[in-house]
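Source file: work-v6.txt (compact mmCIF, C-alpha atoms)
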```txt
# COMPACT_ATOMS: atom_id res chain seq x y z
CA MET A 18 56.90 18.87 -0.20
CA LEU A 19 59.09 21.73 -1.34
CA ALA A 20 56.91 22.27 -4.39
CA ARG A 21 53.95 22.64 -2.02
CA GLY A 22 55.79 25.38 -0.16
CA LEU A 23 57.02 23.57 2.94
CA THR A 24 60.20 24.88 4.50
CA GLN A 25 63.33 22.83 4.87
CA ARG A 26 62.63 22.56 8.59
CA ALA A 27 59.05 21.38 8.00
CA VAL A 28 60.23 18.74 5.52
CA ALA A 29 62.83 17.49 8.00
CA THR A 30 60.25 17.28 10.78
CA ARG A 31 57.71 15.43 8.66
CA LEU A 32 60.29 12.92 7.43
CA GLY A 33 62.03 12.50 10.77
CA LEU A 34 65.35 13.69 9.35
CA SER A 35 67.77 16.38 10.40
CA GLU A 36 67.66 19.73 8.65
CA ARG A 37 71.23 19.14 7.53
CA THR A 38 70.23 15.89 5.78
CA VAL A 39 67.37 17.64 4.01
CA ALA A 40 69.70 20.49 3.04
CA GLY A 41 72.07 17.96 1.45
CA HIS A 42 69.26 16.41 -0.57
CA ILE A 43 68.06 19.84 -1.67
CA SER A 44 71.58 20.80 -2.70
CA ARG A 45 71.92 17.69 -4.86
CA LEU A 46 68.51 18.30 -6.44
CA ARG A 47 69.42 21.91 -7.18
CA ASP A 48 72.64 20.75 -8.87
CA ARG A 49 70.77 18.08 -10.84
CA TYR A 50 68.22 20.52 -12.21
CA GLY A 51 70.48 23.57 -12.44
CA ALA A 52 68.18 25.46 -10.07
CA GLN A 53 69.61 28.49 -8.33
CA THR A 54 66.73 28.97 -5.89
CA LEU A 55 64.25 26.76 -4.06
CA PHE A 56 61.47 28.37 -6.08
CA HIS A 57 63.20 27.38 -9.32
CA LEU A 58 63.73 23.84 -8.01
CA GLY A 59 60.06 23.59 -7.05
CA TRP A 60 59.10 24.80 -10.51
CA HIS A 61 61.19 22.04 -12.08
CA LEU A 62 59.86 19.35 -9.78
CA ASN A 63 56.27 20.46 -10.24
CA GLY A 64 56.75 20.47 -14.01
CA GLU A 65 57.90 16.86 -13.92
CA ARG A 66 54.69 15.75 -12.24
CA HIS A 67 52.41 17.72 -14.55
CA GLY A 68 54.45 17.88 -17.74
```

Represent the structure contained in this file as structure tokens.
Amino acid sequence: MLARGLTQRAVATRLGLSERTVAGHISRLRDRYGAQTLFHLGWHLNGERHG
């Protein structure tokens, strides 16, 4: 969802989670991929699907 450009709030709403929970998941994904920005994280995640 992030790779498609949805905001953290939109992701939380669609999944029925709190924004804080989504923020925690995003933080762990950023650490895992070494991404400093959400754009960079989306680039990594999108590359996994198409690479």

Contacts of A:Gln25 at 7 Å (all atoms listed in the file; same-chain gap of 2+ positions) as a ChimeraX atom specification: /A:23,27-29,36,39

Separation of atom CA of A:Gly64 from atom CA of A:Thr30 in Å: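 Computing it gives 25.2 Å between the two atoms.
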
Computed interatomic separation between atom CA of A:Leu46 and atom CA of A:Gly33 (Å):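 Value for the atom CA of A:Leu46-atom CA of A:Gly33 distance: 19.3 Å.
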
Interatomic distance, atom CA of A:Gly51 to atom CA of A:Leu32 (Å, one decimal): 24.7 Å

Selection: 9 Å around A:Gly59, only C-alpha atoms, excl. self and same-chain fewer than 2 positions, as a list in words: Met18, Leu19, Ala20, Arg21, Gly22, Ala52, Thr54, Leu55, Phe56, His57, His61, Leu62, Asn63 and Gly64 of chain A
